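Q: First, the structure itself, so that you have it in front of you.
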Amino acid sequence: MRRARRDYIDLRSDTVTLPTEEMLEAIRNAELGDDVYGEDPTVNRLEEMAAKKMGKEAALLVTSGTQANLVSVMSNTKRGDCAILEAECHIYHYEVGSISAIAGVLPWPIKGEMGILDPRDVENAIKPKNIHLPETTLICIENTHNRYGGTIVPPESVKALHKVAEEHGLRLYMDGARIFNAAVALKVDVREFTRHVDNLMFCLSKGLSCPVGSLVVGDEEFIERARKVRKILGGGMRQAGIIAAPGIIALEKMIGRLEEDHKNARLLAEGLSRIEGISIDLKTVQTNIVLFDVGGLGVTSERFVSMLRERGVLALPRERTGVRMVTHRGIEREHIERALTVIEEVSREIKRGET
Ligand SMILES: *Cc1c(COP(=O)(O)O)cnc(C)c1O
């Protein structure tokens with residue numbers, strides 16, 4: 001197996017991680033069956049492991065985080081319902097509007113503080129029973145919060161939101177694409193988060209380094225519904241054990257190492273904070289995502305990112321002057337140091353061009 005573009009320091013996302021040799025070996029040796037018939041032992045094993053790890057009854061392997069969120073929203077609601085979510089969340093921004101286009105649910109965005117919803121704001125947004133209004137049935141949170149820079153919604157905040165959900169008979173769902181990053185950063189068991197939500201999803205394909213897959217986790221009844229919804233969406237896979245096999249290794253071996261990604265993100269962020277013209281809010285750097293702004297250099301992020309690319313560093317432009325970098329397996333301390341050197345050079349060059 002070879003990386004397609006091996007010369008770049010790729011900081012665009014943790015989704016670019018490749019499977020480990022052990023994962024490839026596990027794929028090769030996986031015991032397989034037809035998962036639509038429930039007969040793939042490797043998938044069954046992964047789903048059991050995931051449920052156990054999250055302290056829930058059952059789990060379901062799906063194709064992607066986006067599918068996991070759609071399956072979960074559809075399994076938690078009926079068409080015409082209203083779902084409260086954080087205004088910057090992935091479901092609202094990056095899932096092609098599937099919550100309305102396919103689930104038929106009205107998203108009700110509320111602005112949070114670094115991704116953390118205020119329970120009072122949530123409570124105020126729950127619709128009273130009234131002939132004119134849709135029924136609010138779901139609250140969605142995101143942890144870690146992607147667009148805020150991988151910020152953590154701490155267990156006590158999840159708990160407070162759960163209390164509101166319970167009092168009003170709503171469900172609380174967590175898009176936990178990177179929930180293990182949150183658990184590792186706070187040095188707590190992931191169940192400290194999951195015990196306060198009704199159901200959740202997490203991604204295998206990000207920092208956990210698997211090539212494909214996410215898991216939806218919840219109680220048995222919910223997962224049974226989710227299995228049917230997955231089938232409606234065309235997500236029933238057959239010998240999916242080839243996807244599940246690396247997932248098992250991820251859950252066994254890849255969680256602890258996320259700490260290295262956090263250390264590298266911190267190193268990167270601190271380096272960036274010393275470069276003139278770049279602004280960064282170090283408070284938001286809690287896990288493996290680093291957001292910074294190049295507006296002070298008088299360039300757009302598109303331009304800045306293309307200059308980095310010419311020098312072998314890949315990043316994602318975000319809005320007009322924002323840049324995102326994400327650390328992951330394969331990015332070592334020396335790559336961060338090299339990236340910082342390149343960023344400094346590019347910044348200097350831009351400033352020289354100005355004067
Ligand atoms: C990446 C991500 C997703 C979607 O996952 P895909 O596998 O890319 O579809 C959903 N939610 C959050 C918070 C994410 O970061």
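Labels for the structure tokens follow display order: chains A, B, ..., residues from 1 in each chain, ligands from 1.
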Just want the residues within 10 Å of ligand 1, written as a ChimeraX atom specification, counting only C-alpha atoms and all ligand atoms.
A: /A:13-15,62-70,88-95,141-147,150,174-179,201-206,212-214
Q: Just asking: which residues within region 210-320 of chain A are helix (DSSP H, G or I) according to DSSP, as a tab-separated table (two decimals) with all heavy atoms, in the first residue's frame?
A:
chain	number	residue	atom	x	y	z
A	220	GLU	N	-31.22	-0.93	22.07
A	220	GLU	CA	-31.53	-1.94	21.06
A	220	GLU	C	-32.64	-1.54	20.10
A	220	GLU	O	-32.56	-1.75	18.90
A	220	GLU	CB	-31.88	-3.27	21.74
A	220	GLU	CG	-30.72	-4.23	21.66
A	220	GLU	CD	-30.78	-5.32	22.72
A	220	GLU	OE1	-31.88	-5.68	23.16
A	220	GLU	OE2	-29.69	-5.78	23.11
A	221	GLU	N	-33.66	-0.93	20.68
A	221	GLU	CA	-34.81	-0.53	19.86
A	221	GLU	C	-34.38	0.52	18.82
A	221	GLU	O	-34.78	0.46	17.66
A	221	GLU	CB	-35.87	0.03	20.81
A	221	GLU	CG	-37.24	0.13	20.23
A	221	GLU	CD	-38.12	1.03	21.08
A	221	GLU	OE1	-38.00	1.00	22.33
A	221	GLU	OE2	-38.92	1.78	20.48
A	222	PHE	N	-33.58	1.46	19.27
A	222	PHE	CA	-33.09	2.51	18.38
A	222	PHE	C	-32.23	1.92	17.26
A	222	PHE	O	-32.37	2.27	16.08
A	222	PHE	CB	-32.30	3.55	19.19
A	222	PHE	CG	-31.54	4.56	18.37
A	222	PHE	CD1	-32.20	5.63	17.78
A	222	PHE	CD2	-30.16	4.44	18.19
A	222	PHE	CE1	-31.50	6.56	17.01
A	222	PHE	CE2	-29.46	5.37	17.43
A	222	PHE	CZ	-30.13	6.43	16.84
A	223	ILE	N	-31.36	1.00	17.62
A	223	ILE	CA	-30.46	0.42	16.61
A	223	ILE	C	-31.24	-0.45	15.63
A	223	ILE	O	-30.91	-0.51	14.43
A	223	ILE	CB	-29.31	-0.36	17.30
A	223	ILE	CG1	-28.39	0.61	18.05
A	223	ILE	CG2	-28.51	-1.19	16.29
A	223	ILE	CD1	-27.70	1.67	17.20
A	224	GLU	N	-32.29	-1.07	16.10
A	224	GLU	CA	-33.12	-1.86	15.19
A	224	GLU	C	-33.77	-0.95	14.13
A	224	GLU	O	-33.78	-1.26	12.94
A	224	GLU	CB	-34.21	-2.56	16.01
A	224	GLU	CG	-34.87	-3.71	15.29
A	224	GLU	CD	-35.94	-4.36	16.18
A	224	GLU	OE1	-35.62	-4.70	17.34
A	224	GLU	OE2	-37.08	-4.48	15.69
A	225	ARG	N	-34.26	0.20	14.61
A	225	ARG	CA	-34.82	1.18	13.66
A	225	ARG	C	-33.73	1.68	12.72
A	225	ARG	O	-33.92	1.80	11.52
A	225	ARG	CB	-35.38	2.38	14.45
A	225	ARG	CG	-36.89	2.49	14.39
A	225	ARG	CD	-37.44	3.83	14.87
A	225	ARG	NE	-36.73	4.48	15.94
A	225	ARG	CZ	-36.90	4.23	17.23
A	225	ARG	NH1	-37.78	3.34	17.62
A	225	ARG	NH2	-36.21	4.89	18.14
A	226	ALA	N	-32.57	1.96	13.30
A	226	ALA	CA	-31.45	2.51	12.51
A	226	ALA	C	-31.02	1.53	11.41
A	226	ALA	O	-30.67	1.92	10.30
A	226	ALA	CB	-30.28	2.84	13.44
A	227	ARG	N	-31.09	0.25	11.73
A	227	ARG	CA	-30.70	-0.77	10.75
A	227	ARG	C	-31.62	-0.72	9.52
A	227	ARG	O	-31.20	-0.85	8.38
A	227	ARG	CB	-30.75	-2.15	11.42
A	227	ARG	CG	-30.02	-3.24	10.68
A	227	ARG	CD	-29.97	-4.53	11.48
A	227	ARG	NE	-29.09	-4.45	12.65
A	227	ARG	CZ	-27.76	-4.59	12.61
A	227	ARG	NH1	-27.17	-4.84	11.46
A	227	ARG	NH2	-27.04	-4.49	13.70
A	228	LYS	N	-32.88	-0.51	9.80
A	228	LYS	CA	-33.87	-0.42	8.72
A	228	LYS	C	-33.66	0.88	7.92
A	228	LYS	O	-33.71	0.88	6.69
A	228	LYS	CB	-35.28	-0.46	9.33
A	228	LYS	CG	-36.36	-0.65	8.34
A	228	LYS	CD	-37.08	-1.95	8.57
A	228	LYS	CE	-38.12	-2.15	7.48
A	228	LYS	NZ	-38.82	-3.40	7.64
A	229	VAL	N	-33.42	1.97	8.64
A	229	VAL	CA	-33.18	3.26	7.97
A	229	VAL	C	-31.93	3.17	7.10
A	229	VAL	O	-31.90	3.66	5.97
A	229	VAL	CB	-33.07	4.41	8.99
A	229	VAL	CG1	-32.64	5.70	8.31
A	229	VAL	CG2	-34.40	4.62	9.72
A	230	ARG	N	-30.88	2.54	7.64
A	230	ARG	CA	-29.66	2.38	6.86
A	230	ARG	C	-29.97	1.65	5.54
A	230	ARG	O	-29.46	1.99	4.48
A	230	ARG	CB	-28.62	1.58	7.66
A	230	ARG	CG	-27.28	1.41	6.96
A	230	ARG	CD	-26.34	0.50	7.71
A	230	ARG	NE	-26.80	-0.90	7.71
A	230	ARG	CZ	-26.10	-1.93	8.17
A	230	ARG	NH1	-24.90	-1.72	8.70
A	230	ARG	NH2	-26.58	-3.15	8.13
A	231	LYS	N	-30.83	0.67	5.62
A	231	LYS	CA	-31.20	-0.11	4.41
A	231	LYS	C	-31.96	0.78	3.42
A	231	LYS	O	-31.70	0.74	2.22
A	231	LYS	CB	-32.05	-1.32	4.84
A	231	LYS	CG	-32.31	-2.30	3.73
A	231	LYS	CD	-31.07	-3.11	3.38
A	231	LYS	CE	-31.36	-4.11	2.27
A	231	LYS	NZ	-30.33	-4.07	1.22
A	232	ILE	N	-32.87	1.62	3.94
A	232	ILE	CA	-33.61	2.55	3.07
A	232	ILE	C	-32.63	3.44	2.31
A	232	ILE	O	-32.81	3.72	1.13
A	232	ILE	CB	-34.54	3.48	3.90
A	232	ILE	CG1	-35.68	2.68	4.52
A	232	ILE	CG2	-35.09	4.62	3.03
A	232	ILE	CD1	-36.61	3.50	5.40
A	241	GLY	N	-17.28	-7.09	6.72
A	241	GLY	CA	-16.19	-7.43	7.64
A	241	GLY	C	-14.85	-6.85	7.22
A	241	GLY	O	-13.99	-6.58	8.05
A	242	ILE	N	-14.69	-6.61	5.91
A	242	ILE	CA	-13.43	-6.00	5.47
A	242	ILE	C	-13.31	-4.56	5.97
A	242	ILE	O	-12.22	-4.03	6.07
A	242	ILE	CB	-13.23	-6.06	3.93
A	242	ILE	CG1	-14.36	-5.34	3.21
A	242	ILE	CG2	-13.09	-7.52	3.45
A	242	ILE	CD1	-14.05	-5.10	1.74
A	243	ILE	N	-14.46	-3.94	6.26
A	243	ILE	CA	-14.45	-2.59	6.84
A	243	ILE	C	-14.36	-2.68	8.36
A	243	ILE	O	-13.70	-1.86	9.01
A	243	ILE	CB	-15.72	-1.82	6.42
A	243	ILE	CG1	-15.69	-1.54	4.91
A	243	ILE	CG2	-15.87	-0.51	7.21
A	243	ILE	CD1	-17.00	-1.01	4.37
A	244	ALA	N	-15.04	-3.68	8.90
A	244	ALA	CA	-15.09	-3.81	10.37
A	244	ALA	C	-13.75	-4.26	10.96
A	244	ALA	O	-13.41	-3.86	12.08
A	244	ALA	CB	-16.20	-4.80	10.76
A	245	ALA	N	-13.01	-5.08	10.20
A	245	ALA	CA	-11.77	-5.65	10.76
A	245	ALA	C	-10.79	-4.56	11.23
A	245	ALA	O	-10.30	-4.63	12.36
A	245	ALA	CB	-11.12	-6.58	9.74
A	246	PRO	N	-10.50	-3.55	10.41
A	246	PRO	CA	-9.62	-2.48	10.93
A	246	PRO	C	-10.28	-1.69	12.06
A	246	PRO	O	-9.58	-1.15	12.92
A	246	PRO	CB	-9.35	-1.60	9.70
A	246	PRO	CG	-10.37	-1.97	8.68
A	246	PRO	CD	-10.78	-3.38	8.96
A	247	GLY	N	-11.60	-1.66	12.06
A	247	GLY	CA	-12.32	-0.95	13.13
A	247	GLY	C	-12.06	-1.58	14.49
A	247	GLY	O	-11.92	-0.89	15.50
A	248	ILE	N	-11.98	-2.90	14.49
A	248	ILE	CA	-11.70	-3.62	15.74
A	248	ILE	C	-10.32	-3.24	16.25
A	248	ILE	O	-10.13	-2.94	17.44
A	248	ILE	CB	-11.83	-5.14	15.51
A	248	ILE	CG1	-13.31	-5.50	15.29
A	248	ILE	CG2	-11.23	-5.92	16.69
A	248	ILE	CD1	-13.55	-6.92	14.81
A	249	ILE	N	-9.37	-3.18	15.35
A	249	ILE	CA	-8.01	-2.79	15.75
A	249	ILE	C	-7.99	-1.34	16.23
A	249	ILE	O	-7.32	-1.01	17.22
A	249	ILE	CB	-7.04	-3.02	14.58
A	249	ILE	CG1	-6.94	-4.52	14.38
A	249	ILE	CG2	-5.67	-2.40	14.85
A	249	ILE	CD1	-6.19	-4.95	13.19
A	250	ALA	N	-8.76	-0.51	15.56
A	250	ALA	CA	-8.82	0.90	15.98
A	250	ALA	C	-9.29	1.01	17.43
A	250	ALA	O	-8.70	1.74	18.23
A	250	ALA	CB	-9.75	1.68	15.06
A	251	LEU	N	-10.35	0.28	17.76
A	251	LEU	CA	-10.89	0.37	19.12
A	251	LEU	C	-9.93	-0.24	20.14
A	251	LEU	O	-9.88	0.19	21.29
A	251	LEU	CB	-12.26	-0.32	19.21
A	251	LEU	CG	-13.40	0.42	18.50
A	251	LEU	CD1	-14.72	-0.30	18.74
A	251	LEU	CD2	-13.50	1.87	18.92
A	252	GLU	N	-9.18	-1.23	19.70
A	252	GLU	CA	-8.23	-1.85	20.63
A	252	GLU	C	-6.97	-1.02	20.82
A	252	GLU	O	-6.42	-0.96	21.91
A	252	GLU	CB	-7.84	-3.25	20.12
A	252	GLU	CG	-8.90	-4.31	20.40
A	252	GLU	CD	-8.61	-5.63	19.71
A	252	GLU	OE1	-7.75	-5.66	18.79
A	252	GLU	OE2	-9.24	-6.64	20.09
A	253	LYS	N	-6.49	-0.42	19.73
A	253	LYS	CA	-5.13	0.13	19.78
A	253	LYS	C	-4.93	1.59	19.39
A	253	LYS	O	-3.84	2.11	19.59
A	253	LYS	CB	-4.23	-0.70	18.86
A	253	LYS	CG	-4.21	-2.15	19.25
A	253	LYS	CD	-3.12	-2.91	18.57
A	253	LYS	CE	-3.04	-4.32	19.16
A	253	LYS	NZ	-2.21	-5.20	18.38
A	254	MET	N	-5.91	2.21	18.79
A	254	MET	CA	-5.62	3.52	18.21
A	254	MET	C	-6.12	4.71	19.03
A	254	MET	O	-5.91	5.86	18.65
A	254	MET	CB	-6.20	3.61	16.79
A	254	MET	CG	-5.72	2.53	15.85
A	254	MET	SD	-3.93	2.51	15.66
A	254	MET	CE	-3.76	3.87	14.52
A	258	LEU	N	-4.13	9.19	20.22
A	258	LEU	CA	-4.68	10.51	19.87
A	258	LEU	C	-4.00	11.62	20.66
A	258	LEU	O	-3.93	12.77	20.22
A	258	LEU	CB	-6.20	10.54	20.11
A	258	LEU	CG	-7.05	9.60	19.22
A	258	LEU	CD1	-8.49	9.59	19.69
A	258	LEU	CD2	-6.96	10.00	17.75
A	259	GLU	N	-3.48	11.24	21.82
A	259	GLU	CA	-2.79	12.22	22.65
A	259	GLU	C	-1.61	12.86	21.90
A	259	GLU	O	-1.34	14.05	22.05
A	259	GLU	CB	-2.28	11.52	23.92
A	259	GLU	CG	-1.98	12.51	25.00
A	259	GLU	CD	-1.56	11.84	26.30
A	259	GLU	OE1	-1.83	10.63	26.48
A	259	GLU	OE2	-0.94	12.54	27.11
A	260	GLU	N	-0.92	12.06	21.09
A	260	GLU	CA	0.19	12.63	20.29
A	260	GLU	C	-0.32	13.70	19.34
A	260	GLU	O	0.35	14.72	19.13
A	260	GLU	CB	0.79	11.52	19.40
A	260	GLU	CG	1.69	10.56	20.11
A	260	GLU	CD	2.04	9.40	19.17
A	260	GLU	OE1	2.42	9.66	18.00
A	260	GLU	OE2	1.88	8.25	19.61
A	261	ASP	N	-1.48	13.45	18.75
A	261	ASP	CA	-2.05	14.44	17.83
A	261	ASP	C	-2.35	15.73	18.56
A	261	ASP	O	-2.15	16.83	18.02
A	261	ASP	CB	-3.35	13.90	17.18
A	261	ASP	CG	-3.10	12.62	16.40
A	261	ASP	OD1	-1.93	12.33	16.08
A	261	ASP	OD2	-4.08	11.90	16.11
A	262	HIS	N	-2.82	15.60	19.80
A	262	HIS	CA	-3.14	16.80	20.58
A	262	HIS	C	-1.87	17.57	20.92
A	262	HIS	O	-1.84	18.80	20.86
A	262	HIS	CB	-3.91	16.43	21.85
A	262	HIS	CG	-5.20	15.70	21.57
A	262	HIS	ND1	-5.94	15.08	22.55
A	262	HIS	CD2	-5.88	15.50	20.41
A	262	HIS	CE1	-7.02	14.53	22.00
A	262	HIS	NE2	-7.00	14.77	20.71
A	263	LYS	N	-0.82	16.84	21.26
A	263	LYS	CA	0.46	17.50	21.56
A	263	LYS	C	0.98	18.25	20.34
A	263	LYS	O	1.45	19.38	20.43
A	263	LYS	CB	1.51	16.45	21.97
A	263	LYS	CG	1.38	16.03	23.41
A	263	LYS	CD	2.70	15.44	23.90
A	263	LYS	CE	2.52	14.80	25.28
A	263	LYS	NZ	2.61	13.34	25.25
A	264	ASN	N	0.90	17.60	19.19
A	264	ASN	CA	1.36	18.23	17.96
A	264	ASN	C	0.52	19.45	17.58
A	264	ASN	O	1.04	20.44	17.08
A	264	ASN	CB	1.40	17.22	16.81
A	264	ASN	CG	2.59	16.28	16.93
A	264	ASN	OD1	3.63	16.66	17.45
A	264	ASN	ND2	2.43	15.05	16.46
A	265	ALA	N	-0.79	19.34	17.83
A	265	ALA	CA	-1.67	20.48	17.54
A	265	ALA	C	-1.29	21.67	18.42
A	265	ALA	O	-1.25	22.81	17.96
A	265	ALA	CB	-3.12	20.09	17.77
A	266	ARG	N	-0.99	21.38	19.66
A	266	ARG	CA	-0.58	22.41	20.63
A	266	ARG	C	0.72	23.08	20.17
A	266	ARG	O	0.84	24.30	20.13
A	266	ARG	CB	-0.42	21.70	21.95
A	266	ARG	CG	-0.37	22.29	23.32
A	266	ARG	CD	-0.83	23.62	23.65
A	266	ARG	NE	-2.26	23.85	23.59
A	266	ARG	CZ	-2.82	25.02	23.91
A	266	ARG	NH1	-2.13	26.03	24.36
A	266	ARG	NH2	-4.11	25.20	23.81
A	267	LEU	N	1.67	22.25	19.78
A	267	LEU	CA	2.96	22.75	19.29
A	267	LEU	C	2.76	23.66	18.07
A	267	LEU	O	3.33	24.76	17.99
A	267	LEU	CB	3.83	21.54	18.90
A	267	LEU	CG	5.25	21.79	18.44
A	267	LEU	CD1	6.10	22.29	19.61
A	267	LEU	CD2	5.86	20.50	17.86
A	268	LEU	N	1.92	23.21	17.17
A	268	LEU	CA	1.62	23.99	15.97
A	268	LEU	C	0.97	25.33	16.35
A	268	LEU	O	1.37	26.39	15.87
A	268	LEU	CB	0.68	23.17	15.07
A	268	LEU	CG	0.14	23.85	13.81
A	268	LEU	CD1	1.28	24.21	12.86
A	268	LEU	CD2	-0.86	22.93	13.10
A	269	ALA	N	-0.02	25.24	17.23
A	269	ALA	CA	-0.77	26.45	17.62
A	269	ALA	C	0.14	27.47	18.30
A	269	ALA	O	0.07	28.66	18.01
A	269	ALA	CB	-1.92	26.06	18.54
A	270	GLU	N	1.02	26.97	19.16
A	270	GLU	CA	1.90	27.91	19.87
A	270	GLU	C	2.89	28.55	18.90
A	270	GLU	O	3.16	29.74	18.98
A	270	GLU	CB	2.61	27.19	21.02
A	270	GLU	CG	1.67	27.08	22.21
A	270	GLU	CD	2.14	26.13	23.30
A	270	GLU	OE1	3.25	25.58	23.18
A	270	GLU	OE2	1.37	25.94	24.26
A	271	GLY	N	3.37	27.75	17.96
A	271	GLY	CA	4.25	28.30	16.92
A	271	GLY	C	3.53	29.37	16.11
A	271	GLY	O	4.07	30.45	15.84
A	272	LEU	N	2.30	29.09	15.73
A	272	LEU	CA	1.52	30.04	14.92
A	272	LEU	C	1.30	31.35	15.67
A	272	LEU	O	1.33	32.43	15.09
A	272	LEU	CB	0.16	29.42	14.57
A	272	LEU	CG	0.19	28.34	13.49
A	272	LEU	CD1	-1.14	27.58	13.48
A	272	LEU	CD2	0.46	28.93	12.12
A	273	SER	N	1.09	31.23	17.01
A	273	SER	CA	0.79	32.43	17.79
A	273	SER	C	1.98	33.39	17.83
A	273	SER	O	1.83	34.55	18.17
A	273	SER	CB	0.36	32.04	19.22
A	273	SER	OG	1.50	31.60	19.94
A	282	LEU	N	-5.80	30.52	21.25
A	282	LEU	CA	-5.26	29.26	21.81
A	282	LEU	C	-6.27	28.50	22.67
A	282	LEU	O	-6.15	27.29	22.85
A	282	LEU	CB	-3.98	29.54	22.60
A	282	LEU	CG	-2.76	29.96	21.75
A	282	LEU	CD1	-1.60	30.37	22.65
A	282	LEU	CD2	-2.32	28.86	20.80
A	283	LYS	N	-7.26	29.20	23.18
A	283	LYS	CA	-8.31	28.54	23.99
A	283	LYS	C	-9.05	27.46	23.21
A	283	LYS	O	-9.55	26.51	23.79
A	283	LYS	CB	-9.38	29.56	24.40
A	283	LYS	CG	-9.12	30.40	25.59
A	283	LYS	CD	-10.42	31.03	26.15
A	283	LYS	CE	-11.37	31.70	25.17
A	283	LYS	NZ	-10.88	32.81	24.38
A	284	THR	N	-9.14	27.68	21.90
A	284	THR	CA	-9.93	26.74	21.10
A	284	THR	C	-9.12	25.49	20.74
A	284	THR	O	-9.68	24.53	20.21
A	284	THR	CB	-10.43	27.38	19.79
A	284	THR	OG1	-9.30	27.67	18.95
A	284	THR	CG2	-11.21	28.65	20.05
A	295	GLY	N	-6.01	37.09	8.06
A	295	GLY	CA	-6.51	38.41	7.65
A	295	GLY	C	-5.48	39.52	7.93
A	295	GLY	O	-5.36	40.47	7.15
A	296	GLY	N	-4.74	39.36	9.03
A	296	GLY	CA	-3.74	40.35	9.41
A	296	GLY	C	-2.60	40.48	8.40
A	296	GLY	O	-1.85	41.47	8.39
A	297	LEU	N	-2.46	39.49	7.53
A	297	LEU	CA	-1.42	39.55	6.49
A	297	LEU	C	-1.96	40.22	5.22
A	297	LEU	O	-1.22	40.45	4.27
A	297	LEU	CB	-0.94	38.13	6.14
A	297	LEU	CG	-0.17	37.38	7.22
A	297	LEU	CD1	-0.05	35.90	6.86
A	297	LEU	CD2	1.22	37.99	7.41
A	301	SER	N	-7.52	33.39	2.63
A	301	SER	CA	-7.03	32.06	3.01
A	301	SER	C	-6.76	31.20	1.76
A	301	SER	O	-5.84	30.40	1.75
A	301	SER	CB	-8.02	31.37	3.94
A	301	SER	OG	-9.33	31.53	3.49
A	302	GLU	N	-7.54	31.41	0.71
A	302	GLU	CA	-7.31	30.66	-0.55
A	302	GLU	C	-5.89	30.89	-1.04
A	302	GLU	O	-5.18	29.94	-1.39
A	302	GLU	CB	-8.28	31.14	-1.66
A	302	GLU	CG	-9.74	30.79	-1.45
A	302	GLU	CD	-10.06	29.34	-1.78
A	302	GLU	OE1	-9.18	28.64	-2.34
A	302	GLU	OE2	-11.18	28.90	-1.45
A	303	ARG	N	-5.50	32.15	-1.05
A	303	ARG	CA	-4.16	32.52	-1.54
A	303	ARG	C	-3.08	31.94	-0.62
A	303	ARG	O	-2.10	31.35	-1.05
A	303	ARG	CB	-4.09	34.06	-1.58
A	303	ARG	CG	-2.73	34.62	-1.90
A	303	ARG	CD	-2.51	34.76	-3.40
A	303	ARG	NE	-1.15	35.17	-3.69
A	303	ARG	CZ	-0.20	34.38	-4.22
A	303	ARG	NH1	-0.49	33.13	-4.53
A	303	ARG	NH2	1.01	34.82	-4.44
A	304	PHE	N	-3.33	32.10	0.68
A	304	PHE	CA	-2.36	31.63	1.67
A	304	PHE	C	-2.16	30.12	1.55
A	304	PHE	O	-1.04	29.61	1.50
A	304	PHE	CB	-2.87	32.00	3.07
A	304	PHE	CG	-1.86	31.79	4.16
A	304	PHE	CD1	-0.89	32.75	4.44
A	304	PHE	CD2	-1.89	30.63	4.93
A	304	PHE	CE1	0.04	32.55	5.45
A	304	PHE	CE2	-0.96	30.42	5.94
A	304	PHE	CZ	0.00	31.39	6.20
A	305	VAL	N	-3.27	29.42	1.45
A	305	VAL	CA	-3.22	27.95	1.37
A	305	VAL	C	-2.54	27.50	0.08
A	305	VAL	O	-1.79	26.52	0.07
A	305	VAL	CB	-4.65	27.37	1.53
A	305	VAL	CG1	-4.71	25.93	1.07
A	305	VAL	CG2	-5.11	27.49	2.97
A	306	SER	N	-2.76	28.24	-1.00
A	306	SER	CA	-2.11	27.81	-2.25
A	306	SER	C	-0.60	28.07	-2.19
A	306	SER	O	0.19	27.31	-2.75
A	306	SER	CB	-2.79	28.42	-3.48
A	306	SER	OG	-2.28	29.70	-3.73
A	307	MET	N	-0.19	29.10	-1.46
A	307	MET	CA	1.26	29.33	-1.28
A	307	MET	C	1.89	28.24	-0.41
A	307	MET	O	3.02	27.81	-0.64
A	307	MET	CB	1.50	30.71	-0.65
A	307	MET	CG	1.22	31.86	-1.63
A	307	MET	SD	1.41	33.49	-0.87
A	307	MET	CE	3.20	33.67	-0.87
A	308	LEU	N	1.15	27.79	0.57
A	308	LEU	CA	1.65	26.67	1.40
A	308	LEU	C	1.80	25.41	0.55
A	308	LEU	O	2.78	24.68	0.65
A	308	LEU	CB	0.71	26.37	2.57
A	308	LEU	CG	0.53	27.41	3.67
A	308	LEU	CD1	-0.37	26.84	4.77
A	308	LEU	CD2	1.87	27.84	4.27
A	309	ARG	N	0.81	25.20	-0.28
A	309	ARG	CA	0.80	23.99	-1.11
A	309	ARG	C	2.03	23.95	-2.03
A	309	ARG	O	2.66	22.90	-2.19
A	309	ARG	CB	-0.48	23.95	-1.95
A	309	ARG	CG	-0.52	22.85	-2.98
A	309	ARG	CD	-1.77	22.92	-3.85
A	309	ARG	NE	-2.92	22.36	-3.16
A	309	ARG	CZ	-3.30	21.07	-3.24
A	309	ARG	NH1	-2.62	20.23	-4.00
A	309	ARG	NH2	-4.34	20.65	-2.58
A	310	GLU	N	2.36	25.11	-2.58
A	310	GLU	CA	3.56	25.17	-3.45
A	310	GLU	C	4.82	24.75	-2.70
A	310	GLU	O	5.79	24.32	-3.30
A	310	GLU	CB	3.77	26.60	-3.98
A	310	GLU	CG	2.83	26.97	-5.11
A	310	GLU	CD	2.77	28.48	-5.32
A	310	GLU	OE1	3.71	29.19	-4.89
A	310	GLU	OE2	1.75	28.93	-5.89
Q: If I take CA of Glu135 (chain A) and CA of Cys82 (chain A), how far is one from the other in Å, to one decimal?
A: 5.7 Å
Q: Would you kindly return, as a list in words, each protein, DNA or RNA residue with an atom no farther than 10 Å from any atom of Lys53 (chain A), considering only C-alpha atoms and excluding same-chain residues fewer than 3 positions away?
A: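 Residues near the query, excluding close chain neighbours: Glu47, Glu48, Met49, Ala50, Lys56, Asp189, Val190, Arg191, Thr194, Val217 and Leu251 of chain A.
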Q: For Gln239 (chain A), work out the shell of residues within 9 Å, counting only C-alpha atoms and skipping chain neighbours fewer than 5 positions away, then give it as a tab-separated table (two decimals) with N, CA, C and O atoms, in the first residue's frame.
A:
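Generated file (selection39.tsv):
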chain	number	residue	atom	x	y	z
A	32	LEU	N	-15.72	-13.52	7.07
A	32	LEU	CA	-16.76	-12.72	6.42
A	32	LEU	C	-18.08	-13.47	6.26
A	32	LEU	O	-18.11	-14.70	6.26
A	33	GLY	N	-19.16	-12.71	6.12
A	33	GLY	CA	-20.48	-13.27	5.83
A	33	GLY	C	-21.34	-12.15	5.28
A	33	GLY	O	-20.85	-11.03	5.09
A	34	ASP	N	-22.62	-12.41	5.07
A	34	ASP	CA	-23.50	-11.38	4.52
A	34	ASP	C	-24.12	-10.59	5.67
A	34	ASP	O	-24.99	-11.08	6.38
A	35	ASP	N	-23.70	-9.35	5.81
A	35	ASP	CA	-24.14	-8.54	6.97
A	35	ASP	C	-25.60	-8.13	6.88
A	35	ASP	O	-26.24	-7.87	7.90
A	36	VAL	N	-26.17	-8.07	5.67
A	36	VAL	CA	-27.59	-7.74	5.58
A	36	VAL	C	-28.42	-8.87	6.23
A	36	VAL	O	-29.48	-8.65	6.79
A	39	GLU	N	-24.97	-11.87	9.19
A	39	GLU	CA	-24.08	-13.05	9.26
A	39	GLU	C	-22.60	-12.75	9.08
A	39	GLU	O	-21.83	-13.65	8.77
A	40	ASP	N	-22.23	-11.48	9.22
A	40	ASP	CA	-20.79	-11.21	9.13
A	40	ASP	C	-20.23	-11.16	10.55
A	40	ASP	O	-20.51	-10.22	11.30
A	43	VAL	N	-18.25	-7.95	11.52
A	43	VAL	CA	-19.11	-6.78	11.76
A	43	VAL	C	-19.80	-6.93	13.12
A	43	VAL	O	-19.83	-5.98	13.92
Q: Pick out the closest residue to Gly80 (chain A) from this set: A:Ala58, A:Arg195, A:Thr137, A:Asp118. Count only C-alpha atoms.
A: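 Of A:Ala58, A:Arg195, A:Thr137, A:Asp118, the one nearest Gly80 (chain A) is A:Thr137, counting only C-alpha atoms.
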Q: Between A:Gly218, A:Gly207, A:Gly322, A:Gly277, single out the one closest to Ile255 (chain A), counting only C-alpha atoms.
A: A:Gly207
Q: As a VMD selection string, which residues of region 151-331 of chain A does DSSP assign to strand (DSSP E)?
A: chain A and resid 171 to 175 199 to 203 214 to 218 289 to 293 313 to 314 316 to 318 322 to 326
